[in-house]
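What follows is my_file_3.txt (compact mmCIF, C-alpha atoms and all ligand atoms).
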# COMPACT_ATOMS: atom_id res chain seq x y z
CA MET A 100 244.00 99.59 105.24
CA ALA A 101 244.60 103.10 103.98
CA LYS A 102 241.39 104.93 103.18
CA LEU A 103 241.44 106.79 99.89
CA ASN A 104 240.32 110.31 99.12
CA GLU A 105 237.29 109.16 97.15
CA ASN A 106 236.84 112.66 95.77
CA PHE A 107 239.53 111.73 93.26
CA PHE A 108 237.05 109.35 91.64
CA LYS A 109 234.78 112.32 90.95
CA LEU A 110 237.43 113.95 88.73
CA LYS A 111 236.93 113.84 84.99
CA LYS A 112 238.61 110.61 83.87
CA ASN A 113 241.35 111.93 81.67
CA TYR A 114 243.23 115.14 81.80
CA LEU A 115 242.71 117.07 78.55
CA PHE A 116 246.31 116.95 77.36
CA ILE A 117 246.54 113.19 77.91
CA ASP A 118 243.61 112.70 75.51
CA ILE A 119 245.29 114.96 72.98
CA ALA A 120 248.62 113.15 73.31
CA LYS A 121 246.90 109.80 72.70
CA ARG A 122 245.27 111.01 69.48
CA ILE A 123 248.55 112.49 68.25
CA LYS A 124 250.38 109.25 69.04
CA ALA A 125 247.83 107.20 67.09
CA TYR A 126 248.01 109.63 64.15
CA THR A 127 251.81 109.71 63.98
CA ALA A 128 252.01 105.91 64.29
CA ALA A 129 249.79 105.65 61.21
CA HIS A 130 251.51 108.57 59.38
CA PRO A 131 255.18 108.52 60.45
CA ASP A 132 256.23 111.15 57.87
CA ALA A 133 253.56 113.72 58.78
CA LYS A 134 254.88 117.19 59.66
CA LEU A 135 252.77 118.09 62.67
CA ILE A 136 252.52 121.70 63.83
CA ARG A 137 251.71 121.88 67.52
CA MET A 138 249.65 124.87 68.56
CA GLY A 139 247.96 123.14 71.46
CA ILE A 140 249.80 123.14 74.76
CA GLY A 141 250.41 126.62 76.14
CA ASP A 142 254.14 126.19 76.71
CA VAL A 143 256.64 128.80 75.65
CA THR A 144 259.27 128.06 72.98
CA GLN A 145 261.73 130.98 73.19
CA PRO A 146 264.78 130.80 75.49
CA LEU A 147 265.27 132.72 78.72
CA ALA A 148 266.51 136.31 78.40
CA PRO A 149 270.35 136.61 78.55
CA VAL A 150 270.19 138.84 81.64
CA VAL A 151 268.12 136.17 83.42
CA VAL A 152 270.58 133.41 82.53
CA ASP A 153 273.53 135.53 83.74
CA ALA A 154 271.80 136.15 87.07
CA MET A 155 271.08 132.44 87.50
CA VAL A 156 274.66 131.43 86.63
CA ASN A 157 276.14 134.01 89.02
CA ALA A 158 273.84 132.88 91.81
CA ALA A 159 274.72 129.24 91.15
CA LYS A 160 278.40 130.19 91.47
CA GLU A 161 277.67 131.92 94.79
CA MET A 162 276.22 128.63 96.01
CA GLY A 163 279.60 126.98 95.38
CA VAL A 164 281.53 129.39 97.62
CA LYS A 165 281.56 128.95 101.41
CA GLU A 166 281.05 132.66 102.16
CA THR A 167 278.06 133.08 99.84
CA PHE A 168 276.48 129.61 100.04
CA ARG A 169 272.83 129.61 101.15
CA GLY A 170 270.73 126.85 102.69
CA TYR A 171 267.06 127.16 103.57
CA GLU A 172 265.71 130.64 103.13
CA ASP A 173 264.55 131.83 106.58
CA SER A 174 260.90 132.58 105.88
CA GLY A 175 260.29 130.47 102.78
CA ALA A 176 258.23 133.44 101.54
CA GLY A 177 260.91 134.67 99.15
CA TYR A 178 264.00 136.84 99.48
CA ASP A 179 263.39 140.55 100.05
CA PHE A 180 265.28 141.41 96.86
CA LEU A 181 262.65 139.58 94.79
CA ARG A 182 259.59 140.67 96.78
CA ASN A 183 260.77 144.30 96.43
CA ALA A 184 261.30 143.78 92.69
CA VAL A 185 257.77 142.38 92.26
CA SER A 186 256.32 145.28 94.25
CA GLY A 187 258.23 147.72 92.00
CA TYR A 188 256.84 145.95 88.93
CA TYR A 189 253.27 146.45 90.21
CA LYS A 190 254.05 150.11 90.79
CA SER A 191 255.12 150.40 87.12
CA PHE A 192 251.53 149.79 86.03
CA GLY A 193 249.90 151.72 88.82
CA ALA A 194 249.17 149.09 91.51
CA ASP A 195 250.33 149.57 95.07
CA VAL A 196 251.36 146.20 96.57
CA ASP A 197 253.45 146.03 99.74
CA PRO A 198 256.43 143.63 99.38
CA ALA A 199 255.46 142.10 102.75
CA VAL A 200 252.25 140.59 101.34
CA ILE A 201 253.96 139.00 98.34
CA ARG A 202 254.95 135.32 98.72
CA ILE A 203 257.28 133.84 96.13
CA SER A 204 256.16 130.47 94.76
CA ASP A 205 257.31 127.81 92.33
CA GLY A 206 254.64 128.91 89.86
CA ALA A 207 250.96 129.72 89.62
CA LYS A 208 249.63 126.20 89.19
CA SER A 209 250.66 124.96 92.62
CA ASP A 210 249.29 128.03 94.40
CA CYS A 211 246.04 127.95 92.37
CA GLY A 212 245.61 124.36 93.53
CA ASN A 213 246.93 124.70 97.10
CA ILE A 214 245.04 127.84 98.07
CA ILE A 215 241.93 125.75 98.63
CA ASP A 216 243.63 124.18 101.69
CA ILE A 217 242.90 127.30 103.73
CA PHE A 218 239.16 127.34 103.06
CA GLY A 219 236.72 124.98 104.75
CA SER A 220 234.26 122.56 103.21
CA GLY A 221 230.79 123.65 102.16
CA ASN A 222 231.83 126.77 100.28
CA THR A 223 229.90 127.76 97.17
CA VAL A 224 232.67 127.99 94.61
CA VAL A 225 232.06 129.94 91.41
CA VAL A 226 234.27 129.14 88.43
CA THR A 227 233.86 130.63 84.98
CA ASP A 228 233.12 128.11 82.25
CA PRO A 229 235.32 127.49 80.27
CA ALA A 230 238.30 127.70 82.62
CA TYR A 231 241.86 126.55 83.26
CA PRO A 232 241.21 123.04 84.70
CA VAL A 233 243.11 123.43 88.02
CA TYR A 234 240.37 125.56 89.60
CA VAL A 235 237.71 122.88 89.19
CA ASP A 236 239.98 119.86 89.79
CA SER A 237 241.43 121.18 93.06
CA ASN A 238 237.94 121.85 94.38
CA VAL A 239 236.65 118.44 93.33
CA MET A 240 239.66 116.82 95.07
CA SER A 241 238.69 118.70 98.25
CA GLY A 242 235.05 117.63 97.97
CA ASN A 243 233.69 121.08 97.09
CA GLU A 244 230.75 121.70 94.78
CA VAL A 245 231.49 124.01 91.88
CA VAL A 246 228.91 126.25 90.25
CA TYR A 247 229.58 127.92 86.95
CA ALA A 248 229.42 131.48 85.63
CA ASN A 249 228.91 131.20 81.89
CA SER A 250 231.40 132.65 79.42
CA THR A 251 229.65 132.56 76.07
CA GLU A 252 229.81 133.98 72.57
CA GLU A 253 227.11 136.47 73.64
CA ASN A 254 229.17 137.97 76.49
CA GLY A 255 232.46 137.84 74.56
CA PHE A 256 233.59 134.89 76.73
CA ALA A 257 233.87 137.21 79.74
CA ALA A 258 231.49 135.72 82.33
CA MET A 259 229.90 138.22 84.71
CA PRO A 260 228.73 137.63 88.30
CA PRO A 261 225.83 135.15 88.65
CA LYS A 262 223.73 137.49 90.81
CA ASP A 263 221.28 134.71 91.80
CA ILE A 264 224.10 132.70 93.44
CA LYS A 265 225.60 133.60 96.80
CA ALA A 266 229.25 132.83 96.14
CA ASP A 267 231.88 132.20 98.83
CA LEU A 268 234.88 131.66 96.56
CA ILE A 269 235.29 132.93 93.00
CA TYR A 270 238.01 132.03 90.49
CA LEU A 271 238.76 134.59 87.77
CA CYS A 272 241.46 134.54 85.14
CA SER A 273 242.26 137.60 83.01
CA PRO A 274 243.66 137.56 80.34
CA ASN A 275 241.78 134.33 80.18
CA ASN A 276 243.02 130.87 79.43
CA PRO A 277 241.51 129.50 77.21
CA THR A 278 239.37 132.27 75.69
CA GLY A 279 241.88 135.12 75.46
CA SER A 280 239.26 137.56 76.76
CA VAL A 281 240.39 140.32 79.14
CA TYR A 282 238.18 141.94 81.76
CA THR A 283 237.84 145.70 81.55
CA LYS A 284 238.08 147.79 84.71
CA ALA A 285 234.28 148.20 84.69
CA GLN A 286 233.77 144.43 84.47
CA LEU A 287 236.25 143.75 87.29
CA ARG A 288 234.51 146.48 89.31
CA GLU A 289 231.29 144.40 89.03
CA TRP A 290 233.09 141.27 90.24
CA VAL A 291 234.69 143.11 93.16
CA ASP A 292 231.31 144.62 94.14
CA TYR A 293 229.68 141.19 93.90
CA ALA A 294 232.42 139.65 96.07
CA LEU A 295 232.17 142.43 98.67
CA GLU A 296 228.34 142.12 98.78
CA ASN A 297 228.61 138.36 99.36
CA ASN A 298 231.65 138.53 101.63
CA ALA A 299 233.29 136.23 99.10
CA VAL A 300 236.98 135.80 98.22
CA ILE A 301 238.15 136.18 94.62
CA ILE A 302 241.15 134.12 93.53
CA PHE A 303 242.47 136.16 90.62
CA ASP A 304 244.84 134.39 88.24
CA ALA A 305 246.93 137.01 86.40
CA ALA A 306 249.34 134.54 84.74
CA TYR A 307 249.00 136.32 81.37
CA GLU A 308 249.04 139.96 82.56
CA ALA A 309 252.28 140.67 80.66
CA PHE A 310 250.42 140.18 77.37
CA ILE A 311 248.21 143.20 77.99
CA THR A 312 249.30 146.07 75.80
CA ASP A 313 246.16 148.20 76.02
CA PRO A 314 246.89 150.66 78.87
CA ASP A 315 243.18 150.87 79.74
CA LEU A 316 242.93 147.16 80.59
CA PRO A 317 243.76 146.18 84.20
CA ARG A 318 246.86 144.02 84.71
CA SER A 319 246.03 143.42 88.36
CA ILE A 320 242.78 143.18 90.30
CA TYR A 321 244.31 145.60 92.80
CA LEU A 322 243.76 148.40 90.29
CA ILE A 323 240.10 148.15 91.35
CA GLU A 324 239.29 150.00 94.55
CA GLY A 325 238.22 147.66 97.35
CA ALA A 326 239.86 144.60 95.78
CA LYS A 327 242.37 144.25 98.61
CA LYS A 328 239.41 143.48 100.90
CA CYS A 329 238.25 140.57 98.78
CA ALA A 330 240.95 139.27 96.41
CA ILE A 331 244.01 137.07 96.34
CA GLU A 332 246.15 137.49 93.21
CA ILE A 333 248.25 134.65 91.82
CA CYS A 334 250.83 135.28 89.12
CA SER A 335 253.79 133.62 87.50
CA LEU A 336 256.87 134.27 85.41
CA SER A 337 256.08 131.27 83.21
CA LYS A 338 254.53 133.27 80.40
CA THR A 339 255.91 136.68 81.39
CA ALA A 340 259.53 135.56 81.05
CA GLY A 341 259.60 131.97 79.76
CA PHE A 342 259.91 130.37 83.22
CA THR A 343 257.76 127.28 82.51
CA GLY A 344 260.84 125.08 83.01
CA THR A 345 262.53 127.34 85.57
CA ARG A 346 259.55 127.68 87.95
CA CYS A 347 258.85 130.89 89.79
CA GLY A 348 255.72 132.86 90.61
CA TYR A 349 254.17 134.93 93.37
CA THR A 350 250.94 135.10 95.32
CA ILE A 351 249.57 138.21 96.98
CA VAL A 352 247.28 138.00 99.99
CA PRO A 353 246.62 141.56 101.22
CA ASP A 354 246.41 142.29 104.96
CA GLU A 355 243.00 143.87 104.37
CA LEU A 356 241.54 140.50 103.32
CA VAL A 357 239.69 139.36 106.43
CA GLN A 358 236.96 136.74 106.91
CA LYS A 359 235.11 135.53 110.01
CA ASN A 360 235.69 132.14 111.64
CA SER A 361 232.80 130.08 113.03
CA LYS A 362 233.04 131.98 116.34
CA GLY A 363 232.48 135.26 114.50
CA GLU A 364 236.07 136.41 115.01
CA ASP A 365 238.05 138.19 112.32
CA VAL A 366 240.75 136.09 110.66
CA LYS A 367 243.38 137.47 108.30
CA ILE A 368 243.48 135.20 105.26
CA ALA A 369 247.21 136.00 104.90
CA ASP A 370 247.83 134.40 108.32
CA LEU A 371 246.23 131.15 107.17
CA TRP A 372 248.13 131.15 103.87
CA ASN A 373 251.43 131.89 105.62
CA ARG A 374 250.70 129.07 108.08
CA ARG A 375 249.87 126.67 105.26
CA GLN A 376 252.99 127.55 103.29
CA GLY A 377 255.14 127.48 106.43
CA SER A 378 254.09 123.87 107.03
CA LYS A 379 254.16 122.55 103.48
CA PHE A 380 256.53 124.66 101.36
CA ASN A 381 260.23 125.40 101.78
CA GLY A 382 260.65 128.15 99.24
CA VAL A 383 262.14 128.59 95.77
CA SER A 384 265.82 128.03 95.05
CA TYR A 385 268.19 130.98 95.41
CA PRO A 386 269.45 130.91 91.77
CA VAL A 387 265.87 130.91 90.48
CA GLN A 388 264.92 133.85 92.70
CA ARG A 389 267.97 135.78 91.44
CA ALA A 390 266.94 134.91 87.85
CA ALA A 391 263.41 136.16 88.60
CA GLU A 392 264.79 139.37 90.10
CA ALA A 393 266.63 139.99 86.82
CA VAL A 394 263.31 139.90 84.92
CA PHE A 395 262.27 143.09 86.71
CA THR A 396 265.42 145.09 85.95
CA PRO A 397 265.21 147.59 83.06
CA GLU A 398 267.36 145.27 80.92
CA GLY A 399 265.26 142.25 81.91
CA GLN A 400 262.06 144.09 81.05
CA ALA A 401 263.41 145.08 77.63
CA GLN A 402 264.55 141.52 76.84
CA THR A 403 261.43 139.72 78.10
CA LYS A 404 259.10 142.23 76.42
CA ALA A 405 260.87 141.55 73.12
CA THR A 406 260.00 137.86 73.49
CA ILE A 407 256.39 138.68 74.31
CA ALA A 408 256.29 140.89 71.20
CA TYR A 409 257.53 137.86 69.23
CA TYR A 410 254.57 135.78 70.46
CA GLN A 411 252.20 138.69 69.88
CA GLU A 412 253.25 138.73 66.23
CA ASN A 413 252.21 135.05 66.02
CA ALA A 414 248.86 135.91 67.62
CA ARG A 415 248.41 138.70 65.09
CA MET A 416 249.10 136.25 62.21
CA ILE A 417 246.49 133.82 63.52
CA ALA A 418 243.91 136.55 64.11
CA LYS A 419 244.51 137.99 60.62
CA THR A 420 243.99 134.55 59.04
CA CYS A 421 240.74 134.07 60.98
CA ASP A 422 239.61 137.53 59.79
CA GLU A 423 240.40 136.61 56.17
CA LEU A 424 238.57 133.30 56.42
CA GLY A 425 235.58 134.71 58.29
CA ILE A 426 236.24 132.51 61.33
CA LYS A 427 234.87 133.98 64.58
CA TYR A 428 237.31 134.30 67.47
CA THR A 429 238.11 136.05 70.72
CA GLY A 430 241.58 136.82 72.11
CA GLY A 431 244.72 137.28 70.07
CA ILE A 432 245.15 140.85 71.26
CA ASN A 433 246.36 141.32 74.86
CA SER A 434 246.57 137.52 75.09
CA PRO A 435 248.60 134.64 73.61
CA TYR A 436 245.43 132.61 72.97
CA ILE A 437 243.07 132.67 70.02
CA TRP A 438 239.73 131.08 70.83
CA LEU A 439 237.98 130.32 67.60
CA LYS A 440 234.62 128.93 66.64
CA SER A 441 234.75 125.53 64.96
CA PRO A 442 233.40 126.00 61.43
CA ASN A 443 230.19 124.29 60.29
CA ASP A 444 228.99 123.69 63.86
CA MET A 445 231.56 120.93 64.37
CA ASP A 446 232.02 119.94 67.98
CA SER A 447 235.48 120.78 69.25
CA TRP A 448 236.88 117.21 69.27
CA ALA A 449 235.58 116.66 65.71
CA PHE A 450 237.36 119.88 64.70
CA PHE A 451 240.52 118.70 66.47
CA ASP A 452 240.46 115.45 64.45
CA TYR A 453 239.62 117.34 61.25
CA LEU A 454 242.64 119.68 61.59
CA LEU A 455 244.93 116.82 62.61
CA ASN A 456 243.88 114.63 59.69
CA GLU A 457 243.59 117.29 56.99
CA ILE A 458 246.43 119.74 57.72
CA GLN A 459 248.34 118.19 60.63
CA VAL A 460 247.80 121.20 62.88
CA VAL A 461 247.24 120.43 66.56
CA GLY A 462 245.16 122.75 68.73
CA THR A 463 243.18 122.27 71.93
CA PRO A 464 239.49 121.35 71.86
CA GLY A 465 237.48 123.93 73.81
CA ALA A 466 235.30 121.22 75.35
CA GLY A 467 238.28 120.24 77.51
CA PHE A 468 237.92 123.52 79.43
CA GLY A 469 234.22 123.20 80.24
CA ALA A 470 230.78 122.69 78.69
CA ASN A 471 230.68 126.19 77.16
CA GLY A 472 233.90 125.43 75.32
CA ASP A 473 232.26 122.86 73.07
CA GLY A 474 232.19 124.05 69.47
CA TRP A 475 235.25 126.22 70.20
CA PHE A 476 238.95 125.65 69.81
CA ARG A 477 242.13 127.16 71.28
CA LEU A 478 245.25 127.99 69.28
CA THR A 479 248.30 129.37 71.02
CA ALA A 480 250.80 131.96 69.89
CA PHE A 481 253.69 130.17 71.63
CA SER A 482 255.10 128.67 68.45
CA THR A 483 257.79 130.04 66.16
CA HIS A 484 257.03 132.61 63.42
CA GLU A 485 257.92 130.02 60.78
CA LEU A 486 255.61 127.30 62.11
CA THR A 487 252.77 129.74 62.82
CA ALA A 488 253.02 131.10 59.28
CA GLU A 489 253.08 127.55 57.87
CA ALA A 490 250.05 126.54 59.97
CA MET A 491 248.14 129.59 58.74
CA GLU A 492 248.98 128.76 55.11
CA ARG A 493 247.56 125.30 55.70
CA PHE A 494 244.43 126.87 57.27
CA LYS A 495 243.96 129.09 54.21
CA LYS A 496 244.26 126.16 51.78
CA LEU A 497 241.81 124.08 53.79
CA PHE A 498 239.15 126.68 54.42
CA LYS A 499 239.30 128.40 51.03
CA LYS A 500 238.44 125.10 49.36
N1 LIG B 601 247.25 129.88 85.34
C1 LIG B 601 246.89 129.80 84.07
C2 LIG B 601 245.66 130.47 83.63
C3 LIG B 601 247.66 129.07 83.16
O1 LIG B 601 247.28 128.97 81.89
C4 LIG B 601 248.84 128.44 83.61
C5 LIG B 601 249.69 127.65 82.71
O2 LIG B 601 249.43 127.40 81.59
C6 LIG B 601 249.15 128.54 84.95
C7 LIG B 601 248.35 129.27 85.79
C8 LIG B 601 250.33 127.81 85.50
O3 LIG B 601 251.48 128.48 85.40
P1 LIG B 601 252.82 128.02 86.12
O4 LIG B 601 253.72 127.54 85.04
O5 LIG B 601 253.28 129.26 86.79
O6 LIG B 601 252.50 126.95 87.10

Rewrite the coordinates I just gave you, this time as structure tokens.
Amino acid sequence: MAKLNENFFKLKKNYLFIDIAKRIKAYTAAHPDAKLIRMGIGDVTQPLAPVVVDAMVNAAKEMGVKETFRGYEDSGAGYDFLRNAVSGYYKSFGADVDPAVIRISDGAKSDCGNIIDIFGSGNTVVVTDPAYPVYVDSNVMSGNEVVYANSTEENGFAAMPPKDIKADLIYLCSPNNPTGSVYTKAQLREWVDYALENNAVIIFDAAYEAFITDPDLPRSIYLIEGAKKCAIEICSLSKTAGFTGTRCGYTIVPDELVQKNSKGEDVKIADLWNRRQGSKFNGVSYPVQRAAEAVFTPEGQAQTKATIAYYQENARMIAKTCDELGIKYTGGINSPYIWLKSPNDMDSWAFFDYLLNEIQVVGTPGAGFGANGDGWFRLTAFSTHELTAEAMERFKKLFKK
């Protein structure tokens, strides 16, 4: 008889978006003519940039010609053309990342989940609460205990190091999903110092870095001195360039990141990650890597930044409406998420039902991201201008009553 990984039974029963889908299904069954506006799931809505599509089409054509056809990529770590392009991108905002330590992935979610494979059991894992669910779920699946660093209204939903806890692994996400908060350099400095003091490893999720417009805010943890000794950075083109359905990302494990094994010997974390990926991952398709390379060309940057500006205009509309209605929120600037306080002390699922029933606007209940998310609610800027404007009109009618 096959034994099961019983840790799976410790996972929260339903994944957040399944609960949401069920409630929407029940509502639309009862109200088939309702015009729902979905501002819940953080998926993009705008098409790929033309330069990206051209690169993908050309690469696909190369695959159909004997002389330019490609099979497995030798290393599985990504073609040099893309690793060099990512390194150049980091340089553009002041971070020095060697192409050799960049591994191309099929997106941030898989690497955020898989990275735990290279760490042993018994680690003290610090996750900010609320957080993107993969960090907690992947640790629960591996049988690890998670302790929380609280993101609250008082600290602007930017949790700081829990100094009384000796962390081994730390998950940070900035700009944050779900709260939209962004760590300043001084705040990241505190996390890096805390990690170095504890000999801990930070797993830094930068999936939303492209939304940062304030030049003083760090778009990479490697802008903090010493971070290469303690941090892995995971990023993705999903939100940067609309790759949610195309799938491409990258993970950086610096050579300076070294931990001790049980014999007291130094082990390069990059060696473990490369070994793990070498055994379990065969790389990203050639056309997708060529498409990703195009994102980092001057033309690609201009086209993808125009799309981000489009979403930022939606975020601005939502934030302005919250300002007008006196609704408290974080995010909206330097982030595609607006994290707002449910009015009248409603819990976040009650607020979800209230918005669905009264104005047919769907958001994401904050409670789904952790205990500190209760009473809070996430709206995303990934809709169209028209639907965002319509949703905000409905908000105004409802809350001005
Ligand atoms: N990290 C965060 C914080 C996210 O919000 C998401 C997606 O919503 C991801 C990672 C996953 O991105 P990808 O599409 O690259 O797997």

Report task. Find, counting all atoms listed in the file, the residue in A:Asp292, A:Glu172, A:Asp197, A:Asp304 that gets nearest to ligand LIG 601 (chain B). Result -> A:Asp304

Query raised in the report: So, counting all atoms listed in the file, which residue among A:Pro198, A:Pro435, A:Pro353, A:Pro464 is closest to ligand LIG 601 (chain B)?
Result: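 Once distances to ligand LIG 601 (chain B) are computed over all atoms listed in the file, the minimum belongs to A:Pro435.
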
Site check for ligand LIG 601 (chain B): residues at most 9 Å away, all atoms listed in the file, as a PDB file with C-alpha atoms, keeping the file's coordinate frame:
ATOM      1  CA  ILE A 140     249.800 123.140  74.760  1.00  0.00           C
ATOM      2  CA  GLY A 141     250.410 126.620  76.140  1.00  0.00           C
ATOM      3  CA  ASP A 142     254.140 126.190  76.710  1.00  0.00           C
ATOM      4  CA  SER A 204     256.160 130.470  94.760  1.00  0.00           C
ATOM      5  CA  ASP A 205     257.310 127.810  92.330  1.00  0.00           C
ATOM      6  CA  GLY A 206     254.640 128.910  89.860  1.00  0.00           C
ATOM      7  CA  ALA A 207     250.960 129.720  89.620  1.00  0.00           C
ATOM      8  CA  LYS A 208     249.630 126.200  89.190  1.00  0.00           C
ATOM      9  CA  SER A 209     250.660 124.960  92.620  1.00  0.00           C
ATOM     10  CA  ASP A 210     249.290 128.030  94.400  1.00  0.00           C
ATOM     11  CA  CYS A 211     246.040 127.950  92.370  1.00  0.00           C
ATOM     12  CA  ALA A 230     238.300 127.700  82.620  1.00  0.00           C
ATOM     13  CA  TYR A 231     241.860 126.550  83.260  1.00  0.00           C
ATOM     14  CA  PRO A 232     241.210 123.040  84.700  1.00  0.00           C
ATOM     15  CA  VAL A 233     243.110 123.430  88.020  1.00  0.00           C
ATOM     16  CA  CYS A 272     241.460 134.540  85.140  1.00  0.00           C
ATOM     17  CA  SER A 273     242.260 137.600  83.010  1.00  0.00           C
ATOM     18  CA  PRO A 274     243.660 137.560  80.340  1.00  0.00           C
ATOM     19  CA  ASN A 275     241.780 134.330  80.180  1.00  0.00           C
ATOM     20  CA  ASN A 276     243.020 130.870  79.430  1.00  0.00           C
ATOM     21  CA  PRO A 277     241.510 129.500  77.210  1.00  0.00           C
ATOM     22  CA  ASP A 304     244.840 134.390  88.240  1.00  0.00           C
ATOM     23  CA  ALA A 305     246.930 137.010  86.400  1.00  0.00           C
ATOM     24  CA  ALA A 306     249.340 134.540  84.740  1.00  0.00           C
ATOM     25  CA  TYR A 307     249.000 136.320  81.370  1.00  0.00           C
ATOM     26  CA  ILE A 333     248.250 134.650  91.820  1.00  0.00           C
ATOM     27  CA  CYS A 334     250.830 135.280  89.120  1.00  0.00           C
ATOM     28  CA  SER A 335     253.790 133.620  87.500  1.00  0.00           C
ATOM     29  CA  LEU A 336     256.870 134.270  85.410  1.00  0.00           C
ATOM     30  CA  SER A 337     256.080 131.270  83.210  1.00  0.00           C
ATOM     31  CA  LYS A 338     254.530 133.270  80.400  1.00  0.00           C
ATOM     32  CA  PHE A 342     259.910 130.370  83.220  1.00  0.00           C
ATOM     33  CA  THR A 343     257.760 127.280  82.510  1.00  0.00           C
ATOM     34  CA  GLY A 344     260.840 125.080  83.010  1.00  0.00           C
ATOM     35  CA  THR A 345     262.530 127.340  85.570  1.00  0.00           C
ATOM     36  CA  ARG A 346     259.550 127.680  87.950  1.00  0.00           C
ATOM     37  CA  CYS A 347     258.850 130.890  89.790  1.00  0.00           C
ATOM     38  CA  GLY A 348     255.720 132.860  90.610  1.00  0.00           C
ATOM     39  CA  TYR A 349     254.170 134.930  93.370  1.00  0.00           C
TER      40      TYR A 349
END

Query raised in the report: With all atoms listed in the file as the atoms that count, which of A:Ala470, A:Ile320, A:Gly279, A:Phe107 lies nearest to Ala418 of chain A?
Result: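 Residue with the minimum atom-to-atom distance to Ala418 of chain A: A:Gly279.
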
Query raised in the report: Between A:Val152, A:Lys440, A:Val366, A:Gly431, which is the closest to Thr251 of chain A once you count all atoms listed in the file?
Result: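 Of the candidates, the smallest distance to Thr251 of chain A is held by A:Lys440.
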
Query - Proximity to Val225 of chain A - best of A:Leu295, A:Ala154, A:Ile301, A:Ile351, only C-alpha atoms - result: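 With only C-alpha atoms as the atom set, the closest residue is A:Ile301.
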
Query - Point (239.6, 127.0, 98.7), cut-off 12 Å, counting only C-alpha atoms, residues as a PyMOL selection string - result: chain A and resi 210-226+233-245+267-270+299-302+331+368+371-372

Report task. Identify the residues within 10 Å of coordinate (237.3, 134.4, 61.9) (same frame as the file), considering only C-alpha atoms, and give the answer as a PyMOL selection string. Result -> chain A and resi 417-429+438-442

Report task. For segment 116-128 of chain A, please output as a list in words all residues within 8 Å (counting only C-alpha atoms; exclusion window: fewer than 4 positions along the same chain). Result ->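 Answer for this query is Asp132, Ala133, Ile140, Leu455, Asn456 and Thr463 of chain A.
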
What would the file look like if the residues just selected were written as a compact mmCIF listing (two decimals), in the frame of the given file with C-alpha atoms?
# COMPACT_ATOMS: atom_id res chain seq x y z
CA ASP A 132 256.23 111.15 57.87
CA ALA A 133 253.56 113.72 58.78
CA ILE A 140 249.80 123.14 74.76
CA LEU A 455 244.93 116.82 62.61
CA ASN A 456 243.88 114.63 59.69
CA THR A 463 243.18 122.27 71.93

Query raised in the report: So what do you get for atom CA of Glu324 of chain A versus atom CA of Ser250 of chain A, distance-wise?
Result: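 Interatomic distance here is 24.3 Å.
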
Requested in this report: Within 9 Å of Ala393 of chain A, counting all atoms listed in the file, which residues show up once you throw out same-chain ones fewer than 3 positions away? Write them as a list in words, please.
Outcome: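 Surrounding residues, per the criterion: Val150, Val151, Val152, Asp153, Ala154, Met155, Leu181, Ala184, Gln388, Arg389, Ala390, Thr396, Pro397, Glu398, Gly399 and Gln400 of chain A.
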